[in-house]
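A.B. asks: The structure under discussion is supplied below as structure tokens; questions concerning it will follow.
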Amino acid sequence: MGRIIAVANQKGGVGKTTTAVNTAAALAAMKQRVLLVDIDPQGNATTGSGIDKHASENTTLEALMGEVPLADCLARSEAGYDVLPSNGDLTAAEVQLLDAPMREKHLEQALAPVKDSYDYILIDCPPSLNMLTLNALVAADGVLVPLQTEYYALEGLSALRSTVQQIKEHRNPRLEIEGILRTMHDPRNNLDNQVSAQLIQHFGDKVFRTIIPRNVRVAEAPSHGLPVMLYDRASRGAISYMALASEMTRRHIPQPTNTPA
Ligand code: ATP
Ligand code: MG
């Protein structure tokens, strides 16, 4: 059964979309069946997957509002994973959902019929804890939190952690922190290393061992509509996202003696 992972952090520009796209591509390269759900009206995960966000007639909006079955809204990326595309029209969903019954369960319901067709479903969230993100967190089994190792990163993390805890208690008991991912890391920067050490101190093995370095090929790839492993497979960025995907698949073996987060 597909594992649903929301890539979320309410802080902007921390590498959510980059991580969602490249992890989807890396998992697909490992022969996993992957769906990437773009639930951000910016549509960056759509564009970054090489899909024209304005050409798609059926998008996350139609799937969320139950107008079109999700399976009929999908596009296929060159990297071998499916994409539920989004664009600016999705901002309307936020407003429409506010008055809808079961407003936080729309994504979960839309995904239910396709869940078993995938090994991984990754959801690229917008940079806020709004109704769209809430839908992602209610549908998800795990939250992957990309985090730039800088001073304010830890503050945002406690807000996200308490949101996850609340959702777990009241709306989705399955929800776990999948892992915290250090992104755009520069090992020559002392502050990066200090924050990185603090993260491990506070969150222990919830922090992925894989670290994503700052790498110009990662930043260039989306302008070509490609994940970094298709753009430059020998780059440090490509190699580190492949390492992350393999760490994720290894983590996933269920552990009955899991300690609470
Ligand atoms: P938003 O909150 O707006 O959705 P985000 O969290 O999805 O942003 P990204 O769009 O993935 O963040 O990344 C922000 C910027 O940083 C982008 O220009 C991206 O290309 C760049 N970037 C991300 N990861 C790396 C990396 N490892 N090396 C270099 N640049 C990176
Ligand atoms: Mg983004």
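Chain labels run A, B, ... following the order of the structure tokens; each chain numbers its residues from 1, and ligands are numbered from 1 in the order shown.
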Could you list, as JSON, numbers by chain, all protein and nucleic acid residues with an atom at most 6 Å from ligand 2, counting only C-alpha atoms and all ligand atoms?
C.D. replies: {"A": [16, 17, 44, 126]}
A.B. asks: Name the residues in contact with A:Glu104 at a cut-off of 7 Å, using only C-alpha atoms, excluding same-chain residues fewer than 2 positions from it; report them as a list in words.
C.D. replies: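 Non-adjacent residues within range: Met102, His106, Met131, Leu134, Asn135 and Val138 of chain A.
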A.B. asks: For ligand 1, collect every residue having any atom at a distance of at most 9 Å from a ligand atom (counting only C-alpha atoms and all ligand atoms); output as number ranges by chain.
C.D. replies: A: 7-21, 40, 42-45, 124-128, 146-148, 183-185, 212-223, 236-237
A.B. asks: I need the residues in stretch 12-85 of chain A that are alpha helix (DSSP H) according to DSSP; give them as number ranges by chain.
C.D. replies: A: 16-29, 44-48, 60-64
A.B. asks: From the DSSP assignment of the backbone, select every residue of stretch 3-239 of chain A that is strand (DSSP E or B), and format the answer as a PyMOL selection string.
C.D. replies: chain A and resi 3-7+34-38+75-76+82-84+120-124+142-148+176-185+207-213
A.B. asks: Just write the chosen residues, C-alpha atoms, as a CSV table (one decimal), in the first residue's frame.
C.D. replies:
chain,number,residue,atom,x,y,z
A,3,ARG,CA,3.0,5.5,1.7
A,4,ILE,CA,1.8,9.1,1.7
A,5,ILE,CA,4.4,11.7,2.6
A,6,ALA,CA,3.7,15.4,2.9
A,7,VAL,CA,6.7,17.6,2.2
A,34,VAL,CA,5.5,7.3,-7.5
A,35,LEU,CA,2.8,10.0,-7.5
A,36,LEU,CA,3.8,13.6,-6.9
A,37,VAL,CA,0.8,15.8,-5.7
A,38,ASP,CA,1.3,19.5,-6.2
A,75,ALA,CA,0.2,13.9,-16.1
A,76,ARG,CA,3.3,11.8,-16.6
A,82,ASP,CA,2.9,10.7,-12.2
A,83,VAL,CA,2.0,14.3,-11.3
A,84,LEU,CA,-1.2,15.8,-10.0
A,120,TYR,CA,5.0,6.5,-2.6
A,121,ILE,CA,2.8,9.5,-2.9
A,122,LEU,CA,4.6,12.7,-2.2
A,123,ILE,CA,2.7,16.0,-1.6
A,124,ASP,CA,4.5,19.3,-2.2
A,142,GLY,CA,4.4,11.0,7.4
A,143,VAL,CA,5.8,14.5,7.1
A,144,LEU,CA,9.1,15.1,5.5
A,145,VAL,CA,10.4,18.5,6.8
A,146,PRO,CA,13.1,20.1,4.6
A,147,LEU,CA,15.0,22.6,6.7
A,148,GLN,CA,17.8,25.0,5.9
A,176,GLU,CA,4.4,10.8,12.1
A,177,ILE,CA,7.4,13.0,11.4
A,178,GLU,CA,9.0,11.0,8.6
A,179,GLY,CA,12.2,12.9,8.9
A,180,ILE,CA,13.9,16.3,9.0
A,181,LEU,CA,16.1,16.9,6.0
A,182,ARG,CA,19.0,19.3,6.0
A,183,THR,CA,18.9,21.2,2.7
A,184,MET,CA,21.2,23.7,1.0
A,185,HIS,CA,23.9,22.8,3.5
A,207,VAL,CA,17.0,13.7,11.3
A,208,PHE,CA,17.8,12.1,8.0
A,209,ARG,CA,21.5,11.1,7.8
A,210,THR,CA,21.6,12.2,4.2
A,211,ILE,CA,22.4,15.9,3.9
A,212,ILE,CA,21.5,17.8,0.7
A,213,PRO,CA,24.4,20.2,-0.1
A.B. asks: Mind giving me the straight-line distance from atom CA of A:Arg171 to atom CA of A:Asp99 in Å, one decimal?
C.D. replies: 18.0 Å
A.B. asks: Do a neighbour search on A:Ala112 at 12 Å with only C-alpha atoms, toss out local chain neighbours closer than 2 positions, and write the hits as a PyMOL selection string.
C.D. replies: chain A and resi 1-4+63-64+69-71+105-110+114-118+121+139-140
A.B. asks: Looking at A:Glu169, A:Glu155, A:Glu94, A:Asp186, which one is nearest to A:Thr133, with distances taken over only C-alpha atoms?
C.D. replies: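 Counting only C-alpha atoms, the residue closest to A:Thr133 is A:Glu94.
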A.B. asks: I need the residue nearest A:Tyr231 from this list: A:Ile51, A:Asp72, A:Glu78, A:Glu57. Use only C-alpha atoms for the distance.
C.D. replies: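 So, comparing all the options, the nearest one is A:Glu78.
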A.B. asks: Hey, what's within 12 Å of A:Val95 if we count only C-alpha atoms and toss same-chain stuff fewer than 6 positions away? As a count of residues only, please?
C.D. replies: 7
A.B. asks: Have a look at atom CA of A:Asn87 and atom CA of A:Thr46 and let me know their distance in Å, one decimal.
C.D. replies: 8.1 Å
